[in-house]
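Below is the file model-v7.txt, which contains compact mmCIF, C-alpha atoms.
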# COMPACT_ATOMS: atom_id res chain seq x y z
CA MET A 1 21.60 -35.38 15.02
CA PRO A 2 20.41 -37.70 12.27
CA ALA A 3 22.86 -40.46 13.29
CA ALA A 4 21.34 -40.68 16.79
CA ARG A 5 17.70 -41.06 15.73
CA GLY A 6 15.49 -44.07 16.31
CA ARG A 7 16.87 -45.02 19.73
CA GLY A 8 14.60 -43.01 22.02
CA VAL A 9 17.21 -40.37 22.79
CA ALA A 10 14.80 -37.42 22.45
CA ALA A 11 12.06 -39.01 24.56
CA LEU A 12 14.52 -39.80 27.33
CA ALA A 13 15.99 -36.30 27.22
CA VAL A 14 12.57 -34.64 27.21
CA ASP A 15 11.43 -36.79 30.13
CA ALA A 16 14.59 -35.97 32.11
CA ALA A 17 14.30 -32.25 31.42
CA CYS A 18 10.62 -32.23 32.42
CA ARG A 19 11.29 -34.11 35.66
CA TRP A 20 14.01 -31.60 36.48
CA ALA A 21 11.69 -28.65 35.78
CA PHE A 22 8.86 -30.12 37.86
CA ALA A 23 11.25 -30.70 40.77
CA ALA A 24 13.19 -27.44 40.57
CA LEU A 25 10.55 -24.90 39.56
CA PRO A 26 6.98 -24.04 40.56
CA VAL A 27 5.74 -25.56 37.30
CA ASP A 28 3.07 -28.23 37.09
CA ARG A 29 2.30 -28.15 33.35
CA ILE A 30 4.69 -28.35 30.39
CA GLU A 31 3.39 -27.84 26.86
CA LEU A 32 4.81 -29.21 23.63
CA CYS A 33 3.76 -28.16 20.13
CA HIS A 34 4.90 -29.57 16.82
CA ALA A 35 3.88 -29.30 13.19
CA VAL A 36 1.28 -31.85 12.18
CA GLU A 37 3.49 -33.02 9.33
CA ASN A 38 6.31 -33.83 11.74
CA ALA A 39 4.98 -37.12 13.03
CA ALA A 40 8.35 -38.11 14.50
CA SER A 41 8.01 -35.28 17.02
CA GLY A 42 4.62 -36.60 18.08
CA ARG A 43 6.14 -40.02 18.75
CA VAL A 44 8.67 -38.34 21.05
CA ALA A 45 5.87 -36.52 22.88
CA GLU A 46 3.88 -39.69 23.45
CA LYS A 47 6.88 -41.69 24.63
CA ALA A 48 7.89 -38.87 26.99
CA GLY A 49 4.59 -39.07 28.84
CA PHE A 50 2.71 -36.24 27.16
CA THR A 51 -1.02 -36.31 26.44
CA TYR A 52 -2.44 -35.03 23.18
CA GLU A 53 -4.76 -32.09 23.85
CA GLY A 54 -5.66 -30.61 20.49
CA HIS A 55 -5.02 -29.56 16.91
CA LEU A 56 -4.23 -25.87 16.32
CA ARG A 57 -4.95 -24.59 12.84
CA ARG A 58 -2.22 -22.56 11.09
CA SER A 59 -0.75 -21.59 14.44
CA PHE A 60 2.97 -21.29 13.77
CA ARG A 61 5.24 -20.23 10.93
CA TYR A 62 7.98 -22.82 10.54
CA GLY A 63 11.29 -22.69 8.68
CA ASP A 64 9.60 -22.91 5.29
CA GLY A 65 7.91 -19.53 5.96
CA VAL A 66 4.47 -21.14 5.93
CA LYS A 67 2.02 -21.35 8.81
CA HIS A 68 1.43 -24.97 9.69
CA ASP A 69 -1.16 -26.67 11.84
CA GLU A 70 0.28 -27.84 15.13
CA LEU A 71 -0.53 -30.56 17.59
CA LEU A 72 -0.53 -29.46 21.22
CA TRP A 73 0.49 -31.91 23.94
CA ALA A 74 1.00 -31.39 27.66
CA ARG A 75 2.48 -33.26 30.60
CA LEU A 76 1.26 -32.48 34.11
CA VAL A 77 3.41 -33.02 37.15
CA ASP A 78 1.16 -35.82 38.37
CA ASP A 79 0.75 -37.59 35.04
CA PRO A 80 2.09 -41.15 35.17
CA PRO A 81 5.78 -41.06 34.24
CA PRO A 82 6.81 -42.98 31.14
CA ARG A 83 8.99 -46.09 31.25
CA LEU A 84 11.86 -45.45 28.94
CA SER A 85 15.05 -47.14 27.90
CA ILE A 86 17.67 -46.53 25.26
CA PRO A 87 19.02 -49.36 23.16
CA ALA A 88 22.79 -49.37 23.08
CA THR A 89 24.65 -48.41 19.96
CA GLY A 90 26.42 -50.90 17.78
CA PRO A 91 25.78 -54.63 17.32
CA MET B 1 -9.94 2.26 8.56
CA THR B 2 -7.81 4.92 10.15
CA SER B 3 -4.25 5.16 8.99
CA GLY B 4 -3.07 6.03 12.48
CA VAL B 5 -3.21 2.48 13.76
CA ALA B 6 0.23 0.99 14.04
CA ILE B 7 2.15 -1.33 16.30
CA SER B 8 5.69 -0.33 17.01
CA GLY B 9 7.77 -0.05 20.11
CA GLY B 10 4.95 -0.58 22.54
CA VAL B 11 2.77 2.31 21.42
CA PRO B 12 -0.83 1.84 22.60
CA ILE B 13 -3.39 1.08 19.91
CA GLU B 14 -6.23 3.56 19.48
CA PRO B 15 -8.98 1.48 17.90
CA ASP B 16 -11.73 2.89 15.71
CA ASP B 17 -15.22 3.25 17.11
CA LEU B 18 -17.35 0.53 15.51
CA ASP B 19 -21.15 0.61 15.10
CA VAL B 20 -22.96 -2.68 14.65
CA GLY B 21 -26.75 -2.79 14.87
CA PRO B 22 -27.81 -1.43 18.25
CA LEU B 23 -24.27 -1.62 19.64
CA ARG B 24 -21.43 0.84 19.61
CA LEU B 25 -17.94 -0.35 20.36
CA ARG B 26 -16.02 2.74 21.45
CA ARG B 27 -12.80 3.65 23.18
CA TRP B 28 -12.82 3.57 26.95
CA ARG B 29 -13.19 6.79 28.96
CA THR B 30 -12.24 7.38 32.56
CA ASP B 31 -15.90 8.07 33.38
CA ASP B 32 -16.63 4.41 32.58
CA ALA B 33 -15.03 3.51 35.91
CA ASP B 34 -18.27 3.32 37.91
CA ALA B 35 -20.00 1.10 35.35
CA VAL B 36 -16.90 -1.11 35.11
CA LEU B 37 -16.82 -1.43 38.89
CA ALA B 38 -20.50 -2.41 38.98
CA ALA B 39 -20.04 -5.07 36.30
CA GLN B 40 -16.88 -6.46 37.86
CA SER B 41 -18.64 -7.00 41.17
CA ASP B 42 -20.57 -9.80 39.44
CA ARG B 43 -19.64 -13.20 40.82
CA ASP B 44 -19.16 -14.88 37.45
CA ILE B 45 -16.97 -12.10 36.09
CA ARG B 46 -14.85 -12.23 39.26
CA ALA B 47 -14.51 -15.98 38.93
CA TRP B 48 -13.66 -16.18 35.25
CA ALA B 49 -12.12 -12.89 34.16
CA GLY B 50 -8.61 -13.73 35.33
CA GLY B 51 -6.10 -11.03 36.08
CA HIS B 52 -6.52 -8.52 38.86
CA ALA B 53 -9.66 -8.39 40.99
CA VAL B 54 -11.60 -5.12 40.70
CA ILE B 55 -12.86 -4.27 44.19
CA THR B 56 -12.58 -0.49 44.38
CA ARG B 57 -13.05 2.44 42.01
CA GLU B 58 -9.25 2.77 41.95
CA ASP B 59 -9.05 -0.84 40.76
CA ALA B 60 -11.52 -0.01 37.99
CA LEU B 61 -9.46 3.01 36.94
CA ALA B 62 -6.32 0.86 36.96
CA LEU B 63 -8.08 -1.70 34.77
CA LEU B 64 -9.13 1.03 32.32
CA HIS B 65 -5.56 2.27 32.26
CA ARG B 66 -4.27 -1.21 31.42
CA LEU B 67 -6.91 -1.73 28.74
CA THR B 68 -6.08 1.52 27.00
CA ASN B 69 -2.33 1.87 27.53
CA GLN B 70 -0.82 -1.57 27.17
CA ALA B 71 0.93 -2.21 23.91
CA ASN B 72 -0.40 -4.68 21.37
CA ARG B 73 -3.92 -4.40 22.78
CA ALA B 74 -7.13 -3.06 21.24
CA SER B 75 -9.93 -2.72 23.77
CA TRP B 76 -13.45 -1.40 23.42
CA ALA B 77 -16.32 -0.49 25.71
CA VAL B 78 -19.40 -2.26 24.32
CA THR B 79 -22.30 0.14 24.70
CA ASP B 80 -25.98 0.48 23.81
CA THR B 81 -25.97 3.08 21.04
CA ALA B 82 -29.41 4.41 22.01
CA THR B 83 -28.88 4.80 25.75
CA GLY B 84 -25.10 4.93 26.06
CA GLU B 85 -25.27 2.20 28.73
CA LEU B 86 -22.13 0.09 29.19
CA LEU B 87 -23.01 -3.50 28.27
CA GLY B 88 -19.62 -5.14 28.29
CA SER B 89 -16.03 -5.23 27.17
CA VAL B 90 -14.08 -6.79 24.35
CA THR B 91 -10.29 -6.77 24.10
CA VAL B 92 -7.99 -8.19 21.48
CA HIS B 93 -4.60 -8.50 23.15
CA SER B 94 -1.21 -10.01 22.44
CA ILE B 95 -1.52 -8.71 18.87
CA ALA B 96 1.67 -10.05 17.27
CA PRO B 97 2.09 -8.93 13.65
CA VAL B 98 5.25 -10.99 13.06
CA ARG B 99 3.66 -14.18 14.35
CA GLY B 100 0.41 -13.10 12.76
CA ASP B 101 -1.82 -13.90 15.70
CA ALA B 102 -3.66 -12.40 18.68
CA LYS B 103 -5.95 -13.35 21.57
CA VAL B 104 -9.41 -12.08 22.52
CA GLY B 105 -11.19 -11.71 25.85
CA TYR B 106 -14.59 -10.31 26.83
CA TRP B 107 -17.20 -9.90 29.53
CA THR B 108 -20.83 -8.88 29.57
CA ALA B 109 -22.57 -6.99 32.38
CA PRO B 110 -25.28 -9.19 33.97
CA PRO B 111 -28.29 -7.13 32.75
CA ALA B 112 -27.08 -7.37 29.14
CA ARG B 113 -26.64 -11.16 29.03
CA GLY B 114 -28.58 -13.60 26.87
CA ARG B 115 -28.99 -11.31 23.86
CA GLY B 116 -25.91 -12.10 21.81
CA VAL B 117 -24.08 -8.91 22.81
CA ALA B 118 -20.73 -10.56 23.49
CA ALA B 119 -20.76 -12.69 20.31
CA THR B 120 -21.47 -9.64 18.16
CA ALA B 121 -18.83 -7.59 19.96
CA VAL B 122 -16.20 -10.34 19.59
CA ASP B 123 -17.03 -10.83 15.91
CA THR B 124 -16.83 -7.08 15.27
CA ALA B 125 -13.53 -6.70 17.12
CA CYS B 126 -12.01 -9.67 15.27
CA ARG B 127 -13.04 -8.33 11.87
CA TRP B 128 -11.42 -5.00 12.71
CA VAL B 129 -8.18 -6.68 13.80
CA PHE B 130 -8.08 -8.92 10.71
CA ALA B 131 -8.60 -5.85 8.50
CA THR B 132 -6.11 -3.63 10.34
CA PHE B 133 -3.13 -5.84 11.22
CA PRO B 134 -1.26 -8.68 9.53
CA VAL B 135 -3.07 -11.13 11.80
CA ASP B 136 -4.81 -14.21 10.45
CA ARG B 137 -5.46 -16.20 13.63
CA ILE B 138 -7.16 -15.05 16.85
CA GLU B 139 -7.25 -17.37 19.84
CA LEU B 140 -9.80 -17.47 22.63
CA PHE B 141 -9.36 -19.29 25.95
CA HIS B 142 -11.93 -19.92 28.63
CA ALA B 143 -12.39 -22.22 31.60
CA ALA B 144 -14.12 -25.44 30.65
CA ALA B 145 -16.33 -24.86 33.69
CA ASN B 146 -17.64 -21.63 32.12
CA PRO B 147 -19.76 -22.93 29.23
CA ALA B 148 -21.41 -19.55 28.63
CA SER B 149 -18.09 -18.31 27.32
CA GLY B 150 -17.92 -21.24 24.92
CA ARG B 151 -21.33 -20.35 23.54
CA VAL B 152 -20.01 -16.87 22.77
CA ALA B 153 -16.99 -18.39 21.02
CA ALA B 154 -19.09 -20.70 18.85
CA LYS B 155 -21.51 -17.92 17.90
CA ALA B 156 -18.64 -15.57 17.07
CA GLY B 157 -17.30 -17.99 14.45
CA PHE B 158 -14.58 -19.71 16.48
CA THR B 159 -13.67 -23.40 16.24
CA CYS B 160 -12.78 -25.39 19.35
CA GLU B 161 -9.30 -26.79 18.88
CA ALA B 162 -8.08 -28.15 22.20
CA ARG B 163 -8.83 -28.85 25.82
CA LEU B 164 -5.87 -27.79 27.96
CA ARG B 165 -5.65 -29.63 31.26
CA ARG B 166 -5.18 -27.45 34.36
CA ALA B 167 -3.88 -24.66 32.19
CA TYR B 168 -4.82 -21.43 33.99
CA ARG B 169 -5.37 -20.25 37.55
CA TYR B 170 -8.69 -18.40 37.73
CA GLY B 171 -10.22 -16.13 40.37
CA ASP B 172 -10.81 -19.02 42.77
CA GLY B 173 -7.06 -19.65 42.93
CA VAL B 174 -7.43 -23.07 41.31
CA LYS B 175 -5.99 -24.17 37.99
CA HIS B 176 -8.82 -25.08 35.65
CA ASP B 177 -8.95 -26.92 32.37
CA GLU B 178 -9.34 -24.49 29.49
CA LEU B 179 -10.84 -24.77 26.06
CA LEU B 180 -8.84 -23.19 23.26
CA TRP B 181 -10.77 -21.85 20.29
CA ALA B 182 -9.48 -20.02 17.24
CA ARG B 183 -10.89 -18.02 14.37
CA LEU B 184 -8.85 -17.72 11.19
CA ALA B 185 -9.16 -14.75 8.86
CA ASP B 186 -10.69 -16.94 6.16
CA ASP B 187 -13.07 -18.90 8.38
CA PRO B 188 -16.69 -18.40 7.35
CA PRO B 189 -18.01 -15.36 9.24
CA PRO B 190 -20.92 -15.97 11.59
CA ARG B 191 -24.42 -14.64 11.02
CA LEU B 192 -25.35 -12.74 14.11
CA SER B 193 -28.18 -10.65 15.40
CA ILE B 194 -28.86 -8.92 18.68
CA ARG B 195 -32.08 -9.45 20.54
CA SER B 196 -33.51 -6.34 22.12
Since I need it in another form, could you write the structure as structure tokens?
Amino acid sequence: MPAARGRGVAALAVDAACRWAFAALPVDRIELCHAVENAASGRVAEKAGFTYEGHLRRSFRYGDGVKHDELLWARLVDDPPPRLSIPATGP
Amino acid sequence: MTSGVAISGGVPIEPDDLDVGPLRLRRWRTDDADAVLAAQSDRDIRAWAGGHAVITREDALALLHRLTNQANRASWAVTDTATGELLGSVTVHSIAPVRGDAKVGYWTAPPARGRGVAATAVDTACRWVFATFPVDRIELFHAAANPASGRVAAKAGFTCEARLRRAYRYGDGVKHDELLWARLADDPPPRLSIRS
């Protein structure tokens, strides 16, 4: 939701979901792709402990009907976990 | 191009036979099983091919059945036009017309290596897929520890896009880093030749 942006909510949620998946499922690699133009998504990936692995050319058709380049990130189960915190709302 | 090629409801693709220089890419036949078995006994193919190991003639027949009957897959036997000898295999799989992409895999029998056979076969198969389906991106994955496969990718006009850490479990049971390459429909086509 737009009103909740800028506080690290997505990074914290992604980190929590990944930790759950690593603990609950036989999964040791989680991939994350986002459109190159969506830099905010890349900031989430980095904060959530993902490593940038490459740039995919015209790999996915997004909501505008156009194929965009994507950045591919991954987090492995033994990657160092991120240190995250969420600033409280309000003054 | 044939008009009979279509993807719908999991119907197998029957690719055209394609002649390129001294090579003929043709549909698989059940009597390729012995040559497939011989090639698949190669150590490098066992290590890097992924999927099911081919140990017996029945395994080879099962592989041929998968190559020719799975939906969204166009697979060719790569043969020497003059002698009919099986030189290798090229398969474009995961053909996804809505997404507009596909993936390619290949192997070359040991006696046919070092001549550019796989690069020419991959290039030829990709051109056919680009011309036949609404696909404008074909991806190619290989283990980073298998640089010969990367040489094929580069020669066949692919661009290396990413290194995926511990992304796929190969024949040795271990997850290896993979390199991801892609060729787009409007990438400059490679200039290739086959050495005899």
**Message:** What does the structure give for the distance between CA of Leu140 (chain B) and CA of Leu61 (chain B), in Å to one decimal?
**Reply:**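 Pair CA of Leu140 (chain B) / CA of Leu61 (chain B) returns 25.0 Å.
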Query - Distance of CA of Ala48 (chain A) from CA of Cys18 (chain A), expressed in Å to one decimal place - result: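 Calculated distance between CA of Cys18 (chain A) and CA of Ala48 (chain A) is 9.0 Å.
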So that I can check the surroundings of Asp186 (chain B), please list as a list in words every protein, DNA and RNA residue that reaches within 10 Å of it, counting all atoms listed in the file and ignoring chain neighbours fewer than 3 positions away.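 These residues fall inside the cut-off: Phe130, Asp136, Arg137, Arg183 and Pro189 of chain B.
Here the question is which of A:Arg58, A:Arg19, A:Arg43, A:Arg5 gets nearest to chain B using only C-alpha atoms, and that residue is A:Arg58.
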key: Contact residues around Glu161 (chain B) with all atoms listed in the file at 8 Å, ignoring same-chain residues under 5 positions, as a list in words   =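 The filter keeps Gly54, His55, Leu56 and Arg57 of chain A; Leu179, Leu180, Trp181 and Ala182 of chain B.
Take CA of Tyr168 (chain B) and CA of Val27 (chain A): the distance between them is 11.8 Å.
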